[in-house]
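Student: The file below is input34.tsv, TSV, C-alpha atoms:
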```tsv
chain	number	residue	atom	x	y	z
A	2	MET	CA	41.10	76.93	119.48
A	3	LEU	CA	40.47	80.63	118.83
A	4	LEU	CA	40.74	80.11	115.08
A	5	CYS	CA	38.42	77.10	115.24
A	6	SER	CA	35.87	79.13	117.22
A	7	ILE	CA	36.00	81.99	114.71
A	8	ILE	CA	35.68	79.63	111.73
A	9	ILE	CA	32.75	77.81	113.33
A	10	GLN	CA	31.04	81.15	114.02
A	11	ILE	CA	31.50	82.26	110.40
A	12	VAL	CA	30.16	78.94	109.10
A	13	LEU	CA	27.11	79.15	111.38
A	14	PHE	CA	26.34	82.66	110.12
A	15	LYS	CA	27.02	82.05	106.43
A	16	SER	CA	24.99	78.83	106.45
A	17	GLY	CA	22.00	80.63	107.96
A	18	ILE	CA	22.01	78.60	111.17
A	19	GLU	CA	22.53	81.84	113.07
A	20	THR	CA	21.00	85.14	112.04
A	21	LYS	CA	22.54	88.60	112.09
A	22	ASP	CA	20.62	89.50	115.25
A	23	GLU	CA	21.78	86.33	116.97
A	24	VAL	CA	25.40	87.07	116.09
A	25	PHE	CA	24.92	90.53	117.64
A	26	VAL	CA	23.72	88.94	120.90
A	27	ILE	CA	26.63	86.49	120.79
A	28	CYS	CA	29.09	89.38	120.42
A	29	ILE	CA	27.57	91.09	123.47
A	30	PHE	CA	28.07	87.95	125.53
A	31	HIS	CA	31.58	87.48	124.20
A	32	ALA	CA	32.50	90.98	125.40
A	33	LEU	CA	30.80	90.54	128.80
A	34	GLY	CA	32.43	87.16	129.30
A	35	LEU	CA	35.90	88.34	128.28
A	36	ILE	CA	35.71	91.30	130.68
A	37	MET	CA	34.79	88.96	133.52
A	38	GLU	CA	37.54	86.51	132.53
A	39	LEU	CA	40.18	89.23	132.66
A	40	PHE	CA	39.01	90.28	136.11
A	41	LYS	CA	38.69	86.76	137.55
A	42	VAL	CA	42.05	85.55	136.24
A	43	HIS	CA	43.73	88.70	137.57
A	44	HIS	CA	42.29	87.96	141.04
A	45	GLY	CA	43.30	84.29	140.95
A	46	SER	CA	39.87	82.69	140.69
A	47	TRP	CA	41.18	80.40	137.95
A	48	SER	CA	43.96	80.30	135.41
A	49	TYR	CA	44.90	79.11	131.94
A	50	PRO	CA	48.27	77.40	132.48
A	51	GLU	CA	48.84	76.26	128.90
A	52	PHE	CA	50.82	78.39	126.44
A	53	ALA	CA	48.78	80.30	123.84
A	54	TYR	CA	49.71	82.92	121.25
A	55	SER	CA	46.35	84.64	121.66
A	56	LYS	CA	46.56	85.27	125.40
A	57	PHE	CA	45.70	88.74	126.63
A	58	PHE	CA	46.71	89.45	130.25
A	59	GLY	CA	46.73	85.71	130.91
A	60	VAL	CA	43.35	85.10	129.28
A	61	PRO	CA	43.11	83.31	125.91
A	62	LEU	CA	40.72	85.17	123.65
A	63	TYR	CA	38.79	81.99	122.89
A	64	SER	CA	37.43	82.10	126.47
A	65	GLY	CA	34.84	84.67	125.40
A	66	PHE	CA	33.31	82.03	123.15
A	67	MET	CA	32.54	79.88	126.19
A	68	TYR	CA	30.13	82.56	127.35
A	69	SER	CA	28.82	83.41	123.90
A	70	SER	CA	28.03	79.72	123.38
A	71	VAL	CA	25.46	80.04	126.19
A	72	SER	CA	23.78	82.94	124.39
A	73	SER	CA	24.02	81.03	121.10
A	74	TYR	CA	22.16	78.15	122.72
A	75	MET	CA	19.54	80.53	124.09
A	76	CYS	CA	18.98	82.14	120.67
A	77	GLN	CA	18.74	78.79	118.90
A	78	ALA	CA	16.35	77.37	121.51
A	79	TRP	CA	14.20	80.49	121.34
A	80	ARG	CA	13.78	80.19	117.59
A	81	ARG	CA	13.68	76.42	117.13
A	82	PHE	CA	11.36	75.71	120.07
A	83	ASP	CA	9.31	78.88	119.47
A	84	LEU	CA	9.71	79.95	123.10
A	85	LYS	CA	7.13	82.17	124.74
A	86	MET	CA	7.53	83.78	128.13
A	87	LEU	CA	4.34	83.67	130.18
A	88	ASN	CA	3.82	86.01	133.14
A	89	TRP	CA	7.16	87.71	132.48
A	90	PRO	CA	7.93	90.01	135.45
A	91	ASN	CA	8.11	93.79	135.37
A	92	HIS	CA	10.88	94.78	133.00
A	93	PHE	CA	12.44	97.32	135.34
A	94	TRP	CA	13.01	94.73	138.07
A	95	VAL	CA	14.14	92.12	135.53
A	96	ARG	CA	16.88	94.46	134.32
A	97	ILE	CA	17.85	95.33	137.90
A	98	ALA	CA	18.16	91.60	138.67
A	99	GLY	CA	20.38	91.02	135.64
A	100	ALA	CA	22.62	93.97	136.57
A	101	CYS	CA	22.93	92.77	140.19
A	102	ILE	CA	23.99	89.30	139.06
A	103	TYR	CA	26.71	90.62	136.78
A	104	ILE	CA	27.99	93.18	139.29
A	105	ASN	CA	28.18	90.54	142.03
A	106	PHE	CA	30.58	88.48	139.89
A	107	PHE	CA	33.05	91.36	140.45
A	108	SER	CA	32.04	92.83	143.82
A	109	ASN	CA	32.30	89.52	145.72
A	110	HIS	CA	36.09	89.94	145.64
A	111	PHE	CA	35.81	93.09	147.72
A	112	PHE	CA	32.55	92.71	149.66
A	113	MET	CA	30.30	89.93	150.88
A	114	ASP	CA	29.09	87.51	148.22
A	115	VAL	CA	25.35	88.19	147.99
A	116	ARG	CA	24.56	85.56	145.35
A	117	TYR	CA	22.10	83.74	147.60
A	118	TYR	CA	20.21	86.95	148.38
A	119	ILE	CA	20.07	87.66	144.65
A	120	GLY	CA	18.97	84.05	144.10
A	121	GLY	CA	16.10	84.54	146.55
A	122	PHE	CA	15.09	87.71	144.72
A	123	ILE	CA	15.22	85.84	141.38
A	124	LEU	CA	12.99	83.07	142.75
A	125	TYR	CA	10.50	85.65	144.01
A	126	LEU	CA	10.61	87.71	140.82
A	127	PHE	CA	10.16	84.76	138.43
A	128	TRP	CA	8.01	82.59	140.70
A	129	SER	CA	4.93	82.68	138.47
A	130	ALA	CA	6.82	83.00	135.17
A	131	ARG	CA	6.68	80.04	132.84
A	132	VAL	CA	8.29	79.21	129.54
A	133	SER	CA	6.22	77.63	126.78
A	134	PHE	CA	8.02	75.67	124.09
A	135	GLU	CA	7.13	73.51	121.11
A	136	VAL	CA	8.49	70.02	120.42
A	137	ARG	CA	7.19	68.10	117.40
A	138	LYS	CA	4.20	70.43	117.04
A	139	GLN	CA	3.16	69.91	120.65
A	140	ARG	CA	3.48	72.66	123.25
A	141	PHE	CA	4.78	72.19	126.76
A	142	GLU	CA	5.35	74.49	129.73
A	143	MET	CA	7.74	74.57	132.63
A	144	PRO	CA	8.69	77.10	135.34
A	145	VAL	CA	11.32	79.56	134.14
A	146	THR	CA	13.27	79.12	137.39
A	147	LEU	CA	13.54	75.37	136.77
A	148	SER	CA	15.00	76.04	133.31
A	149	PHE	CA	17.61	78.32	134.92
A	150	ILE	CA	18.76	75.53	137.23
A	151	LEU	CA	18.70	72.75	134.64
A	152	ILE	CA	20.73	74.66	132.04
A	153	GLY	CA	23.21	75.76	134.73
A	154	PHE	CA	23.61	72.15	135.89
A	155	PHE	CA	24.41	70.83	132.42
A	156	ILE	CA	26.90	73.66	131.82
A	157	TRP	CA	28.55	72.63	135.10
A	158	LEU	CA	28.84	69.06	133.80
A	159	ALA	CA	30.48	70.37	130.62
A	160	GLU	CA	32.83	72.46	132.76
A	161	ASN	CA	33.99	69.33	134.56
A	162	VAL	CA	34.90	67.79	131.21
A	163	ALA	CA	36.73	70.97	130.13
A	164	THR	CA	38.82	71.21	133.31
A	165	PHE	CA	39.61	67.49	133.16
A	166	LEU	CA	40.98	67.97	129.64
A	167	GLY	CA	42.99	71.00	130.78
A	168	ALA	CA	41.12	73.80	128.99
A	169	TRP	CA	41.48	75.79	132.24
A	170	LYS	CA	42.04	75.06	135.91
A	171	TYR	CA	40.69	76.38	139.18
A	172	ALA	CA	43.11	77.07	142.01
A	173	TYR	CA	42.22	73.78	143.75
A	174	GLN	CA	42.84	71.75	140.58
A	175	HIS	CA	46.53	72.55	139.96
A	176	SER	CA	48.01	69.63	141.92
A	177	THR	CA	45.43	67.07	140.84
A	178	TRP	CA	42.08	67.20	139.08
A	179	THR	CA	38.97	67.24	141.22
A	180	MET	CA	35.36	67.90	140.34
A	181	VAL	CA	34.38	71.52	139.97
A	182	ASN	CA	32.87	72.95	143.12
A	183	TYR	CA	29.10	72.43	143.28
A	184	GLN	CA	28.76	76.14	144.02
A	185	LYS	CA	29.61	76.75	140.36
A	186	ILE	CA	26.18	75.37	139.43
A	187	SER	CA	24.66	78.52	140.93
A	188	SER	CA	27.22	80.68	139.09
A	189	TRP	CA	26.29	79.14	135.76
A	190	ALA	CA	22.58	79.32	136.61
A	191	PHE	CA	23.01	83.04	137.28
A	192	LEU	CA	24.77	83.41	133.93
A	193	VAL	CA	21.80	81.67	132.32
A	194	VAL	CA	19.48	84.19	134.01
A	195	VAL	CA	21.52	87.04	132.54
A	196	SER	CA	21.40	85.42	129.09
A	197	TYR	CA	17.63	84.91	129.39
A	198	ILE	CA	17.15	88.55	130.33
A	199	ILE	CA	19.37	89.97	127.59
A	200	VAL	CA	17.88	87.79	124.84
A	201	ALA	CA	14.30	88.38	126.02
A	202	GLU	CA	14.69	92.14	126.37
A	203	LEU	CA	16.39	92.49	122.97
A	204	LYS	CA	13.71	90.41	121.29
A	205	LEU	CA	10.96	92.42	122.94
A	206	PHE	CA	12.66	95.68	121.93
A	207	LYS	CA	12.89	94.53	118.31
A	208	LEU	CA	9.30	93.29	118.34
A	209	ASN	CA	8.04	96.64	119.64
A	210	LYS	CA	10.14	98.48	117.06
A	211	GLU	CA	8.85	96.38	114.15
A	212	ASN	CA	5.30	96.60	115.48
A	213	TYR	CA	5.44	100.39	115.67
A	214	ARG	CA	6.99	100.64	112.20
A	215	ASN	CA	4.21	98.53	110.71
A	216	ASP	CA	1.40	100.00	112.80
A	217	PRO	CA	2.19	103.18	114.76
A	218	ASP	CA	-1.05	102.85	116.75
A	219	PRO	CA	0.22	102.63	120.37
A	220	ASP	CA	-2.77	100.47	121.31
A	221	PHE	CA	-1.16	97.64	119.35
A	222	ALA	CA	2.32	97.98	120.88
A	223	VAL	CA	3.54	95.13	123.05
A	224	LYS	CA	3.18	96.42	126.58
A	225	PRO	CA	5.82	95.56	129.20
A	226	ASP	CA	3.13	94.57	131.72
A	227	MET	CA	1.30	92.12	129.48
A	228	PRO	CA	1.10	88.73	131.21
A	229	ALA	CA	2.15	86.76	128.13
A	230	ILE	CA	4.96	87.84	125.82
A	231	PRO	CA	5.50	85.71	122.71
A	232	LEU	CA	8.95	87.17	122.06
A	233	SER	CA	9.31	85.34	118.78
A	234	ILE	CA	8.81	86.58	115.23
A	235	LYS	CA	7.05	83.35	114.31
A	236	SER	CA	4.31	83.90	116.86
A	237	TYR	CA	3.90	87.65	116.32
A	238	ASN	CA	1.14	87.30	113.71
A	239	ASN	CA	-0.86	85.26	116.19
A	240	TYR	CA	-0.15	87.82	118.87
A	241	ARG	CA	-2.56	90.26	117.25
A	242	ASN	CA	-5.27	87.78	118.23
A	243	ARG	CA	-4.76	88.60	121.88
A	244	GLU	CA	-7.26	86.08	123.26
A	245	LYS	CA	-4.77	83.35	122.30
A	246	PHE	CA	-2.20	84.72	124.71
A	247	LEU	CA	-4.03	86.64	127.42
```
What would the structure in this file look like if it were written as structure tokens?
Tutor:
Amino acid sequence: MLLCSIIIQIVLFKSGIETKDEVFVICIFHALGLIMELFKVHHGSWSYPEFAYSKFFGVPLYSGFMYSSVSSYMCQAWRRFDLKMLNWPNHFWVRIAGACIYINFFSNHFFMDVRYYIGGFILYLFWSARVSFEVRKQRFEMPVTLSFILIGFFIWLAENVATFLGAWKYAYQHSTWTMVNYQKISSWAFLVVVSYIIVAELKLFKLNKENYRNDPDPDFAVKPDMPAIPLSIKSYNNYRNREKFL
């Protein structure tokens, strides 16, 4: 499975389906996911019972691709649907929220699980944020928080299929297969939030960098507190006509 994942990744890059920047984001997620896998398996959250040559401390290296596939989806959706983030929250608090989510995946083994407090903060922070996307040359909008939940739900459905086929097992699935705990929907939704934040912040950073290189006038830089952030190269030329976005 590891070899298949690597070959597929190479094909996606060489064929132009994924860009160099998108592969960079995917590698970040692969590393973050693998670190979390090593920690979770060590603490007995789940296990990979099948034999594998590529296991590292009980974790098959292909597991990182499960997380990077989420970021791959985010990158593809961002480009193909020309996503724009409207009313994106303050970047400082967005980054704090992302860090809290990731840290809680580890700290809940030693302290109280504060995922629901973080979830409440996420709802408050992104309450007015909306995502605009294009389908067949027609634009639509939806609340960003709703997209978090929907993507997390469908990943949870895929996880049920994966555990049924034996890709990995949770502690309560060793004797007989049962559906994955519904609480995992929130875990995947939180992972989606982290992927949103990382992809959005990296795209904004690159956009600011390219903007400054082409026009060093700071008045034309993309400001973090602007209520509408296109965050896509395709829409950047239109962004100079600010009345279209503000």
Student: Considering all atoms listed in the file, can you say which of A:Leu203, A:Ile9, A:Val195, A:Met143 comes closest to Val95 of chain A?
Tutor: A:Val195
Student: Here is a test: counting only C-alpha atoms, which residue of A:Trp128, A:Phe149, A:Phe165, A:Tyr63 is nearest to Leu35 of chain A?
Tutor: A:Tyr63
Student: Of the residues A:Ser133, A:Phe14, A:Leu205, A:Thr146, which is the one nearest to Gly121 of chain A, using all atoms listed in the file?
Tutor: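 Smallest separation from Gly121 of chain A among the options: A:Thr146.
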Student: Near Cys5 of chain A, counting all atoms listed in the file, which residues have an atom at most 12 Å away, once you skip same-chain residues fewer than 4 positions from it, shown as a list in words?
Tutor: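 With the cut-off at 12 Å, the set is Ile9, Gln10, Ile11, Val12, Leu62, Tyr63 and Phe66 of chain A.
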Student: To box segment 189-201 of chain A, take all atoms listed in the file, fit an axis-aligned box, add 6 Å on each side, and give centre and edge lengths in Å to one decimal, as lines of an AutoDock Vina configuration file.
Tutor:
```
center_x = 20.3
center_y = 84.6
center_z = 131.1
size_x = 24.0
size_y = 22.8
size_z = 24.4
```
Student: Give me the residues of segment 76-146 of chain A that have any atom at most 9 Å from an atom of segment 185-190 of chain A; for each, the nearest atom pair and the distance in Å, rounded to one decimal. Use only C-alpha atoms, sort by chain and number, and format it as CSV.
Tutor:
```
residue,atom,partner,partner_atom,distance
A:Phe106,CA,A:Ser188,CA,8.5
A:Arg116,CA,A:Ser187,CA,8.3
A:Tyr117,CA,A:Ser187,CA,8.8
A:Gly120,CA,A:Ser187,CA,8.5
```
Student: Would you pick out the contacts of His175 of chain A at 12 Å or less, using all atoms listed in the file, so that residues sharing its chain but fewer than 3 positions from it are not included, and give the list as a short mmCIF file (atom, residue, chain, number, x, y, z; two decimals) with C-alpha atoms, in the coordinates of the input?
Tutor:
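Result went into selection-v5.cif, see below:
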```
data_model
loop_
_atom_site.label_atom_id
_atom_site.label_comp_id
_atom_site.auth_asym_id
_atom_site.auth_seq_id
_atom_site.Cartn_x
_atom_site.Cartn_y
_atom_site.Cartn_z
CA TRP A 47 41.18 80.40 137.95
CA SER A 48 43.96 80.30 135.41
CA TYR A 49 44.90 79.11 131.94
CA PRO A 50 48.27 77.40 132.48
CA GLU A 51 48.84 76.26 128.90
CA THR A 164 38.82 71.21 133.31
CA PHE A 165 39.61 67.49 133.16
CA GLY A 167 42.99 71.00 130.78
CA TRP A 169 41.48 75.79 132.24
CA LYS A 170 42.04 75.06 135.91
CA TYR A 171 40.69 76.38 139.18
CA ALA A 172 43.11 77.07 142.01
CA TRP A 178 42.08 67.20 139.08
CA THR A 179 38.97 67.24 141.22
#
```
Student: Go through A:Trp94, A:Phe107, A:Tyr197, A:Trp89 one by one, measure the shortest atom-to-atom distance of each to Val42 of chain A using all atoms listed in the file, and give the residue with the smallest value.
Tutor: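 Distance minimum relative to Val42 of chain A lands on A:Phe107.
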Student: How many Å separate atom CA of Tyr54 of chain A from atom CA of Val26 of chain A?
Tutor: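 Going from atom CA of Tyr54 of chain A over to atom CA of Val26 of chain A covers 26.7 Å.
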Student: Which of these residues is nearest to Glu19 of chain A, using only C-alpha atoms: A:Ser55, A:Ser73, A:Ser46, A:Gln184?
Tutor: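 The answer is A:Ser73, which sits nearest to Glu19 of chain A.
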Student: Go through A:Cys101, A:Ala32, A:Met180, A:Ile18 and flag the residue nearest Ile123 of chain A, using all atoms listed in the file for the distances.
Tutor: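 Distance minimum relative to Ile123 of chain A lands on A:Cys101.
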Student: When you draw a straight line from atom CA of Phe82 of chain A to atom CA of Glu135 of chain A, how long is it in Å?
Tutor: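 Atom-to-atom, atom CA of Phe82 of chain A and atom CA of Glu135 of chain A are spaced 4.9 Å apart.
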